[in-house]
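**Q** Have a peek at query15.cif (mmCIF, C-alpha atoms).
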data_coords
#
loop_
_atom_site.label_atom_id
_atom_site.label_comp_id
_atom_site.auth_asym_id
_atom_site.auth_seq_id
_atom_site.Cartn_x
_atom_site.Cartn_y
_atom_site.Cartn_z
CA MET A 1 -9.75 7.96 -1.15
CA SER A 2 -6.98 5.46 -0.44
CA LEU A 3 -4.82 5.49 2.68
CA GLU A 4 -1.94 3.89 0.77
CA GLY A 5 1.25 5.73 1.73
CA VAL A 6 -0.51 8.12 4.12
CA LYS A 7 1.62 8.86 7.19
CA ILE A 8 -0.63 8.46 10.22
CA GLY A 9 0.34 9.37 13.76
CA PHE A 10 -1.58 6.82 15.82
CA GLY A 11 -1.87 7.80 19.47
CA LEU A 12 -3.28 5.90 22.43
CA SER A 13 -4.37 7.45 25.69
CA GLY A 14 -5.37 5.43 28.75
CA SER A 15 -8.85 4.08 28.04
CA PHE A 16 -7.49 0.57 28.42
CA CYS A 17 -10.83 -1.20 27.91
CA THR A 18 -10.80 -0.06 24.27
CA PHE A 19 -7.17 -0.96 23.50
CA ASP A 20 -8.13 -4.14 21.63
CA LYS A 21 -10.41 -2.09 19.37
CA ALA A 22 -7.61 0.45 18.89
CA PHE A 23 -5.14 -2.28 17.92
CA GLU A 24 -7.65 -3.68 15.41
CA ALA A 25 -8.13 -0.20 13.93
CA ALA A 26 -4.38 0.35 13.71
CA GLN A 27 -3.95 -3.01 11.98
CA SER A 28 -6.72 -2.13 9.52
CA LEU A 29 -4.97 1.14 8.66
CA ALA A 30 -1.65 -0.65 8.18
CA ASP A 31 -3.36 -3.27 5.99
CA LYS A 32 -4.64 -0.42 3.80
CA GLY A 33 -1.03 0.67 3.21
CA ALA A 34 -0.83 3.51 5.73
CA GLU A 35 2.48 4.17 7.47
CA LEU A 36 1.87 4.34 11.22
CA ILE A 37 3.85 6.46 13.65
CA PRO A 38 2.78 5.16 17.08
CA VAL A 39 2.53 7.46 20.11
CA MET A 40 1.35 6.70 23.64
CA SER A 41 0.50 8.94 26.57
CA PHE A 42 2.53 8.41 29.73
CA ASN A 43 -0.32 6.42 31.30
CA ALA A 44 -0.98 4.32 28.22
CA ALA A 45 2.71 3.39 28.02
CA SER A 46 3.36 2.77 31.70
CA LEU A 47 0.27 1.32 33.41
CA SER A 48 -0.50 -2.38 33.50
CA THR A 49 -4.18 -3.25 33.89
CA ARG A 50 -6.51 -6.22 33.57
CA PHE A 51 -6.51 -5.40 29.84
CA GLY A 52 -2.79 -6.15 29.49
CA THR A 53 0.58 -5.12 30.80
CA ALA A 54 2.24 -1.93 29.64
CA GLU A 55 4.94 -3.98 27.93
CA GLU A 56 2.38 -6.12 26.08
CA ASN A 57 0.47 -3.07 24.85
CA ILE A 58 3.63 -1.33 23.65
CA ARG A 59 4.76 -4.49 21.88
CA LYS A 60 1.36 -4.94 20.15
CA LEU A 61 1.42 -1.39 18.79
CA GLU A 62 5.06 -1.65 17.73
CA ASP A 63 4.38 -4.95 15.94
CA ILE A 64 1.53 -3.34 13.99
CA ALA A 65 3.42 -0.14 13.16
CA LYS A 66 6.78 -1.84 12.54
CA ARG A 67 8.54 0.90 14.54
CA ARG A 68 9.15 2.03 18.10
CA VAL A 69 6.40 3.77 20.04
CA ILE A 70 7.04 7.43 20.84
CA LYS A 71 6.87 7.54 24.65
CA THR A 72 8.51 10.84 25.60
CA ILE A 73 7.72 14.50 25.02
CA GLU A 74 11.17 14.95 23.48
CA GLU A 75 10.53 12.21 20.93
CA ALA A 76 7.11 13.67 20.03
CA GLU A 77 8.16 17.30 19.52
CA PRO A 78 9.76 16.81 16.03
CA ILE A 79 6.49 15.48 14.56
CA GLY A 80 5.45 18.99 13.49
CA PRO A 81 8.75 20.57 12.46
CA LYS A 82 9.71 17.49 10.42
CA LYS A 83 6.15 17.11 9.06
CA LEU A 84 6.17 13.43 9.96
CA CYS A 85 2.39 12.92 9.75
CA ASP A 86 -0.29 13.68 7.20
CA ILE A 87 -2.93 13.06 9.87
CA MET A 88 -2.96 12.30 13.60
CA ILE A 89 -5.43 9.85 15.14
CA VAL A 90 -6.04 9.64 18.89
CA ALA A 91 -7.77 6.32 19.58
CA PRO A 92 -8.79 5.98 22.32
CA CYS A 93 -9.00 9.56 23.48
CA THR A 94 -9.85 9.85 27.18
CA ALA A 95 -11.59 12.74 28.94
CA ASN A 96 -8.22 13.67 30.42
CA THR A 97 -6.58 13.97 26.99
CA LEU A 98 -9.64 15.74 25.55
CA ALA A 99 -9.43 18.37 28.31
CA LYS A 100 -5.73 18.90 27.73
CA LEU A 101 -6.21 19.30 23.98
CA ALA A 102 -9.15 21.68 24.49
CA LEU A 103 -7.08 23.84 26.83
CA GLY A 104 -3.77 23.63 24.97
CA ILE A 105 -1.97 21.70 27.71
CA THR A 106 1.11 19.87 26.47
CA ASP A 107 2.36 17.60 29.24
CA SER A 108 2.55 14.15 27.67
CA PRO A 109 4.00 12.57 24.53
CA LEU A 110 0.51 12.35 23.04
CA THR A 111 -0.54 15.94 23.67
CA MET A 112 2.85 17.12 22.39
CA ALA A 113 2.43 14.99 19.25
CA VAL A 114 -0.98 16.56 18.54
CA LYS A 115 0.21 20.10 19.29
CA SER A 116 3.31 19.67 17.14
CA HIS A 117 1.27 18.15 14.30
CA LEU A 118 -1.32 20.96 14.39
CA ARG A 119 1.32 23.60 13.65
CA ASN A 120 1.12 22.38 10.04
CA GLY A 121 -2.67 22.81 9.82
CA ARG A 122 -3.21 19.10 9.31
CA PRO A 123 -6.16 17.04 10.58
CA VAL A 124 -6.52 15.36 13.96
CA VAL A 125 -9.05 12.55 14.36
CA ILE A 126 -10.47 11.89 17.83
CA ALA A 127 -11.99 8.53 18.84
CA VAL A 128 -13.50 9.45 22.18
CA SER A 129 -13.84 6.89 24.95
CA THR A 130 -14.92 8.21 28.34
CA ASN A 131 -17.46 7.51 31.07
CA ASP A 132 -18.25 11.23 31.56
CA ALA A 133 -18.72 12.41 27.96
CA LEU A 134 -22.25 13.57 28.68
CA ALA A 135 -21.25 15.15 32.00
CA GLY A 136 -18.02 16.91 32.98
CA CYS A 137 -16.28 16.17 29.68
CA ALA A 138 -19.09 17.41 27.42
CA LYS A 139 -17.74 20.96 27.26
CA ASN A 140 -14.32 19.74 26.05
CA ILE A 141 -15.88 17.63 23.31
CA GLY A 142 -17.85 20.71 22.25
CA ILE A 143 -14.73 22.87 22.25
CA LEU A 144 -12.77 20.44 20.09
CA GLN A 145 -15.70 19.88 17.71
CA ASN A 146 -15.65 23.64 17.19
CA TYR A 147 -11.91 23.87 16.54
CA LYS A 148 -10.53 23.82 13.04
CA HIS A 149 -8.60 20.66 12.07
CA TYR A 150 -10.35 18.39 14.62
CA TYR A 151 -12.58 15.57 13.37
CA PHE A 152 -14.46 13.02 15.46
CA VAL A 153 -15.05 9.34 14.85
CA PRO A 154 -18.82 8.78 15.17
CA TYR A 155 -19.80 7.80 18.68
CA SER A 156 -22.71 6.49 20.76
CA GLN A 157 -23.63 5.74 24.34
CA ASP A 158 -22.08 2.39 25.07
CA ASN A 159 -24.34 1.43 28.00
CA TYR A 160 -27.02 4.02 28.69
CA ALA A 161 -28.62 1.99 31.49
CA ALA A 162 -25.55 1.35 33.61
CA LYS A 163 -23.39 4.28 32.46
CA PRO A 164 -25.70 7.02 31.13
CA ASN A 165 -22.88 9.57 30.60
CA SER A 166 -20.51 7.20 28.79
CA ILE A 167 -19.62 7.58 25.11
CA VAL A 168 -17.42 5.36 22.95
CA ALA A 169 -16.45 5.94 19.35
CA ASP A 170 -17.10 3.29 16.72
CA PHE A 171 -13.51 2.21 16.15
CA THR A 172 -14.50 0.41 12.92
CA LEU A 173 -15.10 3.88 11.41
CA ILE A 174 -11.62 5.26 12.12
CA GLY A 175 -10.37 4.64 8.58
CA GLU A 176 -13.42 6.21 6.96
CA THR A 177 -13.24 9.16 9.36
CA ALA A 178 -9.57 9.65 8.48
CA GLU A 179 -10.27 9.54 4.75
CA ASN A 180 -12.93 12.23 5.15
CA ALA A 181 -10.75 14.34 7.46
CA LEU A 182 -7.93 14.33 4.91
CA GLN A 183 -10.44 15.98 2.55
CA GLY A 184 -11.57 18.47 5.20
CA ARG A 185 -14.91 16.76 5.95
CA GLN A 186 -16.48 15.52 9.16
CA ILE A 187 -18.03 12.09 8.61
CA GLN A 188 -21.77 12.13 9.26
CA PRO A 189 -23.87 11.33 11.13
CA LEU A 190 -21.60 11.99 14.08
CA ILE A 191 -23.89 10.67 16.81
CA ARG A 192 -24.98 7.11 16.14
CA GLN A 193 -27.35 4.67 17.77
CA LYS A 194 -25.93 1.33 18.80
#
Produce structure tokens that represent the structure in this file.

**A**
Amino acid sequence: MSLEGVKIGFGLSGSFCTFDKAFEAAQSLADKGAELIPVMSFNAASLSTRFGTAEENIRKLEDIAKRRVIKTIEEAEPIGPKKLCDIMIVAPCTANTLAKLALGITDSPLTMAVKSHLRNGRPVVIAVSTNDALAGCAKNIGILQNYKHYYFVPYSQDNYAAKPNSIVADFTLIGETAENALQGRQIQPLIRQK
């Protein structure tokens, strides 16, 4: 399946250490002809870290998408009613955002974008990145993997010796995961070995 002309909501939550991988994935989707609608959580859009300033990160995503980043709940709400996206991708998706999605909490531009998008029964792709995936966050991953319309980018432990509970998605598989999700399929195998 081609992603040419597919309208993709591309959302970033605050796992800043994976932003470079997320930008590469977004660029790859744009290079395949997808139209990106960028969304950032409040933290992703406002916090400056050793991985870049908030302004730099916003600019990078806007340069890739060729449009302004959605940074407010009010801007995100029309995504569903106007059917702006064929698919929504959350990359990276933190434990915080996973928990909110699992519990139906809508308190950021990103969670509003996903909620609004889901009203149309369209797919949401999650690229998890969290240090507690195999601990406190595990139940929320399980909940979302059980929900209709949610698809996960294959993931693995990123450093089992130093961070035994940490999981990071393989961001190079975001495009393939999206192609499968648009056809109602979860890419397999889901759990990969690094």

**Q** Apply the PyMOL selection byres ((chain A and resi 128-133) around 6) to the structure shown and report the selected residues as a PyMOL selection string.

**A** chain A and resi 92-95+126-127+134-138+165-169

**Q** If you measure from CA of Val39 in chain A to CA of Ile174 in chain A, what distance in Å do you get, rounded to one decimal?

**A** 16.4 Å

**Q** Suppose a student applies the PyMOL selection byres ((chain A and resi 156-160) around 9) to this structure; what residues should they get, written as a count of residues only?

**A** 17

**Q** Measuring atom to atom with only C-alpha atoms, identify which of A:Lys82, A:Arg68, A:His149, A:Arg50 is nearest to Arg122 in chain A.

**A**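 The answer is A:His149, which sits nearest to Arg122 in chain A.
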
**Q** How would you write, as a count of residues only, the residues chosen by the PyMOL selection byres ((chain A and resi 188) around 12) on this structure?

**A** 17

**Q** Provide range 148-172 of chain A rebuilt to N, CA, C and O atoms, formatted as an mmCIF file, keeping the file's coordinate frame.

**A**
data_model
loop_
_atom_site.group_PDB
_atom_site.id
_atom_site.type_symbol
_atom_site.label_atom_id
_atom_site.label_comp_id
_atom_site.auth_asym_id
_atom_site.auth_seq_id
_atom_site.Cartn_x
_atom_site.Cartn_y
_atom_site.Cartn_z
ATOM 1 N N LYS A 148 -10.964 24.210 14.379
ATOM 2 C CA LYS A 148 -10.530 23.820 13.040
ATOM 3 C C LYS A 148 -9.509 22.678 13.152
ATOM 4 O O LYS A 148 -8.717 22.643 14.088
ATOM 5 N N HIS A 149 -9.527 21.786 12.220
ATOM 6 C CA HIS A 149 -8.600 20.660 12.070
ATOM 7 C C HIS A 149 -8.922 19.461 12.952
ATOM 8 O O HIS A 149 -8.221 18.460 12.891
ATOM 9 N N TYR A 150 -9.955 19.544 13.802
ATOM 10 C CA TYR A 150 -10.350 18.390 14.620
ATOM 11 C C TYR A 150 -11.562 17.712 13.987
ATOM 12 O O TYR A 150 -12.519 18.376 13.604
ATOM 13 N N TYR A 151 -11.499 16.388 13.925
ATOM 14 C CA TYR A 151 -12.580 15.570 13.370
ATOM 15 C C TYR A 151 -12.837 14.423 14.343
ATOM 16 O O TYR A 151 -11.902 13.882 14.927
ATOM 17 N N PHE A 152 -14.097 14.067 14.498
ATOM 18 C CA PHE A 152 -14.460 13.020 15.460
ATOM 19 C C PHE A 152 -14.950 11.772 14.755
ATOM 20 O O PHE A 152 -15.716 11.847 13.786
ATOM 21 N N VAL A 153 -14.497 10.625 15.270
ATOM 22 C CA VAL A 153 -15.050 9.340 14.850
ATOM 23 C C VAL A 153 -16.465 9.269 15.428
ATOM 24 O O VAL A 153 -16.674 9.616 16.591
ATOM 25 N N PRO A 154 -17.457 8.874 14.642
ATOM 26 C CA PRO A 154 -18.820 8.780 15.170
ATOM 27 C C PRO A 154 -18.877 7.964 16.459
ATOM 28 O O PRO A 154 -18.172 6.969 16.607
ATOM 29 N N TYR A 155 -19.734 8.425 17.369
ATOM 30 C CA TYR A 155 -19.800 7.800 18.680
ATOM 31 C C TYR A 155 -21.239 7.587 19.123
ATOM 32 O O TYR A 155 -22.166 8.138 18.547
ATOM 33 N N SER A 156 -21.383 6.764 20.179
ATOM 34 C CA SER A 156 -22.710 6.490 20.760
ATOM 35 C C SER A 156 -22.538 6.173 22.233
ATOM 36 O O SER A 156 -21.435 5.922 22.711
ATOM 37 N N GLN A 157 -23.657 6.196 22.955
ATOM 38 C CA GLN A 157 -23.630 5.740 24.340
ATOM 39 C C GLN A 157 -23.359 4.239 24.314
ATOM 40 O O GLN A 157 -24.008 3.504 23.577
ATOM 41 N N ASP A 158 -22.412 3.805 25.116
ATOM 42 C CA ASP A 158 -22.080 2.390 25.070
ATOM 43 C C ASP A 158 -22.917 1.543 26.020
ATOM 44 O O ASP A 158 -23.096 0.353 25.794
ATOM 45 N N ASN A 159 -23.468 2.165 27.082
ATOM 46 C CA ASN A 159 -24.340 1.430 28.000
ATOM 47 C C ASN A 159 -25.178 2.452 28.750
ATOM 48 O O ASN A 159 -24.867 2.822 29.876
ATOM 49 N N TYR A 160 -26.238 2.921 28.125
ATOM 50 C CA TYR A 160 -27.020 4.020 28.690
ATOM 51 C C TYR A 160 -27.703 3.662 30.002
ATOM 52 O O TYR A 160 -27.982 4.534 30.819
ATOM 53 N N ALA A 161 -27.955 2.385 30.244
ATOM 54 C CA ALA A 161 -28.620 1.990 31.490
ATOM 55 C C ALA A 161 -27.657 2.025 32.670
ATOM 56 O O ALA A 161 -27.949 2.612 33.709
ATOM 57 N N ALA A 162 -26.503 1.426 32.507
ATOM 58 C CA ALA A 162 -25.550 1.350 33.610
ATOM 59 C C ALA A 162 -24.609 2.555 33.677
ATOM 60 O O ALA A 162 -24.143 2.911 34.751
ATOM 61 N N LYS A 163 -24.317 3.148 32.518
ATOM 62 C CA LYS A 163 -23.390 4.280 32.460
ATOM 63 C C LYS A 163 -23.985 5.356 31.541
ATOM 64 O O LYS A 163 -23.556 5.521 30.401
ATOM 65 N N PRO A 164 -24.964 6.101 32.003
ATOM 66 C CA PRO A 164 -25.700 7.020 31.130
ATOM 67 C C PRO A 164 -24.876 8.179 30.555
ATOM 68 O O PRO A 164 -25.292 8.781 29.574
ATOM 69 N N ASN A 165 -23.711 8.468 31.113
ATOM 70 C CA ASN A 165 -22.880 9.570 30.600
ATOM 71 C C ASN A 165 -21.733 9.091 29.719
ATOM 72 O O ASN A 165 -20.924 9.888 29.262
ATOM 73 N N SER A 166 -21.647 7.795 29.487
ATOM 74 C CA SER A 166 -20.510 7.200 28.790
ATOM 75 C C SER A 166 -20.702 7.193 27.272
ATOM 76 O O SER A 166 -21.770 6.864 26.766
ATOM 77 N N ILE A 167 -19.638 7.567 26.588
ATOM 78 C CA ILE A 167 -19.620 7.580 25.110
ATOM 79 C C ILE A 167 -18.380 6.825 24.636
ATOM 80 O O ILE A 167 -17.289 6.986 25.181
ATOM 81 N N VAL A 168 -18.545 6.032 23.590
ATOM 82 C CA VAL A 168 -17.420 5.360 22.950
ATOM 83 C C VAL A 168 -17.564 5.501 21.442
ATOM 84 O O VAL A 168 -18.639 5.291 20.888
ATOM 85 N N ALA A 169 -16.466 5.841 20.806
ATOM 86 C CA ALA A 169 -16.450 5.940 19.350
ATOM 87 C C ALA A 169 -16.575 4.557 18.725
ATOM 88 O O ALA A 169 -16.220 3.542 19.332
ATOM 89 N N ASP A 170 -17.045 4.528 17.494
ATOM 90 C CA ASP A 170 -17.100 3.290 16.720
ATOM 91 C C ASP A 170 -15.756 3.124 16.027
ATOM 92 O O ASP A 170 -15.500 3.716 14.975
ATOM 93 N N PHE A 171 -14.881 2.344 16.636
ATOM 94 C CA PHE A 171 -13.510 2.210 16.150
ATOM 95 C C PHE A 171 -13.443 1.624 14.745
ATOM 96 O O PHE A 171 -12.436 1.797 14.057
ATOM 97 N N THR A 172 -14.505 0.947 14.286
ATOM 98 C CA THR A 172 -14.500 0.410 12.920
ATOM 99 C C THR A 172 -14.611 1.533 11.888
ATOM 100 O O THR A 172 -14.389 1.295 10.698
#
